[in-house]
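Enquirer: Sending over a structure as structure tokens; questions will come in a sec.
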Amino acid sequence: MFAIAAEPIDPAALQRRLADARAGACVTFEGWVRNLNEGQTVGALEYEAFVPLAESEGTKILAEARAKFDLLGAICVHRTGLLQLGDMAVWVGVTAAHRGAAFDACRYVIDEAKARLPIWKKEHYAGGTTAWINCATRGGAADAAKPQF
Amino acid sequence: MIHVRIQYFAILREQRGQNEETLATAAATPTALYEELRARHGFTLPADRIRAAVNETFVAADAPLREGDRIVFIPPVAGG
């Protein structure tokens, strides 16, 4: 199951959905909002998604993981909206009979999700500037941080 | 001319100043349409950094556009 969520992610509830008597391994990944990116102090993050395409592409990524690795279950949920430091931006959980497949599949899902999902991140910096990540068109990322007011 | 609906997200939404619009265009491909809009609205990202989705599916930059298409230009993504 892949989902875009506008509300906080509940990892315990998601993990319960993966319960499976055949599973010997459950690997989960949590992406958190951190306070520093490329030397700038981050105060908050805003995530925006093109939801229908993010959900279809996310579903495709999970199907690929199931095809590549010997999985029993796979879930990924990604947040949208304004997030504060320490908030969970993304959760991935996979189950398998053995740990090798579970570790590899979890890594695959988060790497592909970051590269492919139509989701955008706007960082809000100390001092009031903001920047859409990966969308700078000149100089360093700092040059793209335009005053909000 | 065909009529298409464009939805804007993230940096393009902010630079356009609105979420969506319907317009008539002679552009035959997503790249041609993006260049037309970039000239009109001053989008900072060049066309080679933008992907396109038509009717909620990723398409090639030179895919044909048709009457009634719903188009989304995808700036560089940054999930996770």
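How things are named: the first chain in the structure tokens is A, the next is B, and so on; residues count from 1 in each chain; ligands count from 1 in the order shown.
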Considering only C-alpha atoms, return as a VMD selection string whatever protein or nucleic-acid residues lie within 7 Å of Ile119 (chain A), sequence-local ones (same chain, fewer than 3 positions apart) excluded.

Expert: (chain A and resid 47 to 50) or (chain B and resid 77 to 79)

Enquirer: Compute the chain B side of the contact with chain A at 8 Å, counting only C-alpha atoms, and hand it back as a ChimeraX atom specification.

Expert: /B:9-11,44-45,56-57,74-80

Enquirer: For the structure I just gave you, how does DSSP split region 1-67 of chain B - specifically, which residues are alpha helix (DSSP H)? Reply as a ChimeraX atom specification.

Expert: /B:10-16,30-41

Enquirer: I'd like the neighbourhood of Asp48 (chain B) as a PyMOL selection string, where a residue qualifies if any of its atoms comes within 9 Å (using only C-alpha atoms), though same-chain residues fewer than 2 positions away should be ignored.

Expert: chain B and resi 31+45-46+50-51+61

Enquirer: Please dump the current selection as a PDB file, in the first residue's frame; keep N, CA and C atoms.

Expert:
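So result_29.pdb came out as:
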```
ATOM      1  N   THR B  31       6.976  20.209 -24.201  1.00  0.00           N
ATOM      2  CA  THR B  31       8.115  21.122 -24.196  1.00  0.00           C
ATOM      3  C   THR B  31       7.765  22.446 -24.867  1.00  0.00           C
ATOM      4  N   LEU B  45      12.988  27.878 -14.251  1.00  0.00           N
ATOM      5  CA  LEU B  45      13.574  26.586 -14.623  1.00  0.00           C
ATOM      6  C   LEU B  45      13.558  26.384 -16.134  1.00  0.00           C
ATOM      7  N   PRO B  46      14.701  25.961 -16.719  1.00  0.00           N
ATOM      8  CA  PRO B  46      14.705  25.670 -18.157  1.00  0.00           C
ATOM      9  C   PRO B  46      13.918  24.395 -18.454  1.00  0.00           C
ATOM     10  N   ILE B  50      12.412  20.085 -16.549  1.00  0.00           N
ATOM     11  CA  ILE B  50      10.991  19.883 -16.276  1.00  0.00           C
ATOM     12  C   ILE B  50      10.525  18.584 -16.923  1.00  0.00           C
ATOM     13  N   ARG B  51       9.786  17.764 -16.186  1.00  0.00           N
ATOM     14  CA  ARG B  51       9.109  16.617 -16.803  1.00  0.00           C
ATOM     15  C   ARG B  51       7.643  16.990 -16.969  1.00  0.00           C
ATOM     16  N   ALA B  61       8.795  14.327 -23.352  1.00  0.00           N
ATOM     17  CA  ALA B  61       8.760  15.771 -23.588  1.00  0.00           C
ATOM     18  C   ALA B  61       8.193  16.114 -24.963  1.00  0.00           C
TER      19      ALA B  61
END
```

Enquirer: At a cut-off of 12 Å, using only C-alpha atoms, what residues contact His41 (chain B)? Leave out same-chain residues fewer than 4 positions from it and give the result as a count of residues only.

Expert: 12

Enquirer: Between CA of Gly81 (chain A) and CA of Tyr125 (chain A), what is the distance, to one decimal in Å?

Expert: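 Going from CA of Gly81 (chain A) over to CA of Tyr125 (chain A) covers 16.3 Å.
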
Enquirer: Could you tell me how far CA of Ala65 (chain A) lies from CA of Ala60 (chain B), in Å and to one decimal?

Expert: 24.3 Å

Enquirer: Residues within 12 Å of Leu23 (chain B), please, as a PyMOL selection string. Count only C-alpha atoms; anything in the same chain fewer than 2 positions from it doesn't count.

Expert: chain B and resi 1-7+20-21+25-27+33+36-37+67-71

Enquirer: Limited to N, CA, C and O atoms, could you put the picked residues into a file as a short mmCIF file (atom, residue, chain, number, x, y, z; two decimals), in the first residue's frame?

Expert:
```cif
data_model
loop_
_atom_site.label_atom_id
_atom_site.label_comp_id
_atom_site.auth_asym_id
_atom_site.auth_seq_id
_atom_site.Cartn_x
_atom_site.Cartn_y
_atom_site.Cartn_z
N MET B 1 -5.50 25.30 -32.96
CA MET B 1 -5.41 25.54 -31.52
C MET B 1 -6.17 24.45 -30.76
O MET B 1 -7.25 24.03 -31.17
N ILE B 2 -5.60 24.01 -29.66
CA ILE B 2 -6.31 23.09 -28.77
C ILE B 2 -6.47 23.77 -27.41
O ILE B 2 -5.73 24.69 -27.08
N HIS B 3 -7.45 23.28 -26.65
CA HIS B 3 -7.66 23.79 -25.30
C HIS B 3 -7.16 22.76 -24.31
O HIS B 3 -7.52 21.58 -24.40
N VAL B 4 -6.32 23.21 -23.39
CA VAL B 4 -5.77 22.29 -22.38
C VAL B 4 -5.91 22.93 -21.00
O VAL B 4 -6.02 24.16 -20.87
N ARG B 5 -5.93 22.06 -19.98
CA ARG B 5 -5.96 22.55 -18.60
C ARG B 5 -4.61 22.28 -17.97
O ARG B 5 -4.10 21.16 -18.05
N ILE B 6 -4.03 23.30 -17.37
CA ILE B 6 -2.71 23.14 -16.74
C ILE B 6 -2.86 23.34 -15.24
O ILE B 6 -3.50 24.29 -14.78
N GLN B 7 -2.28 22.40 -14.49
CA GLN B 7 -2.22 22.52 -13.03
C GLN B 7 -0.79 22.83 -12.65
O GLN B 7 0.14 22.18 -13.16
N GLU B 20 -4.09 26.74 -11.30
CA GLU B 20 -4.42 26.12 -12.59
C GLU B 20 -5.02 27.14 -13.54
O GLU B 20 -5.44 28.22 -13.14
N GLU B 21 -5.02 26.78 -14.81
CA GLU B 21 -5.65 27.62 -15.83
C GLU B 21 -6.00 26.74 -17.04
O GLU B 21 -5.41 25.69 -17.25
N THR B 25 -3.83 26.83 -27.11
CA THR B 25 -2.43 26.88 -27.51
C THR B 25 -2.23 26.22 -28.86
O THR B 25 -2.99 25.31 -29.23
N ALA B 26 -1.20 26.67 -29.55
CA ALA B 26 -0.81 26.01 -30.79
C ALA B 26 0.32 25.03 -30.53
O ALA B 26 0.79 24.34 -31.45
N ALA B 27 0.80 24.95 -29.28
CA ALA B 27 1.91 24.06 -28.95
C ALA B 27 1.51 22.61 -29.20
O ALA B 27 0.42 22.18 -28.83
N LEU B 33 4.81 23.77 -25.16
CA LEU B 33 3.87 24.48 -24.29
C LEU B 33 4.61 25.11 -23.11
O LEU B 33 4.34 26.25 -22.74
N GLU B 36 6.39 28.19 -24.21
CA GLU B 36 5.42 29.28 -24.40
C GLU B 36 5.07 29.93 -23.06
O GLU B 36 5.07 31.15 -22.92
N LEU B 37 4.80 29.09 -22.05
CA LEU B 37 4.41 29.59 -20.73
C LEU B 37 5.59 30.23 -20.00
O LEU B 37 5.44 31.21 -19.28
N GLU B 67 -6.68 17.95 -27.64
CA GLU B 67 -7.77 18.74 -27.08
C GLU B 67 -8.23 18.14 -25.75
O GLU B 67 -8.46 16.93 -25.66
N GLY B 68 -8.33 19.00 -24.74
CA GLY B 68 -8.86 18.55 -23.44
C GLY B 68 -7.84 17.92 -22.51
O GLY B 68 -8.20 17.52 -21.40
N ASP B 69 -6.59 17.84 -22.93
CA ASP B 69 -5.57 17.22 -22.05
C ASP B 69 -5.43 18.02 -20.75
O ASP B 69 -5.55 19.25 -20.74
N ARG B 70 -5.15 17.27 -19.68
CA ARG B 70 -4.84 17.89 -18.38
C ARG B 70 -3.34 17.73 -18.17
O ARG B 70 -2.83 16.62 -18.07
N ILE B 71 -2.65 18.86 -18.12
CA ILE B 71 -1.19 18.84 -18.14
C ILE B 71 -0.63 19.34 -16.81
O ILE B 71 -1.12 20.32 -16.24
#
```

Enquirer: What gap, in Å, lies between CA of Arg107 (chain A) and CA of Glu7 (chain A)?

Expert: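 For CA of Arg107 (chain A) relative to CA of Glu7 (chain A), the distance reads 24.2 Å.
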
Enquirer: Excluding His124 (chain A) and its own-chain neighbours fewer than 3 positions away, which residues fall within 10 Å of it when counting only C-alpha atoms? Please give them as a list in words.

Expert: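 Returned residues: Gln40, Thr41, Val42, Gly43, Ala44, Leu45, Glu46, Leu82, Gln84, Lys121, Gly127, Gly128, Thr129, Thr130, Ala131, Trp132, Ala145 and Gln148 of chain A.
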
Enquirer: Can you work out which one of A:Glu64, A:Asp20, A:Glu38, A:Asp10 has the shortest atom-to-atom distance to Ala97 (chain A), counting only C-alpha atoms?

Expert: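 Among the listed residues, the smallest separation from Ala97 (chain A) belongs to A:Asp20.
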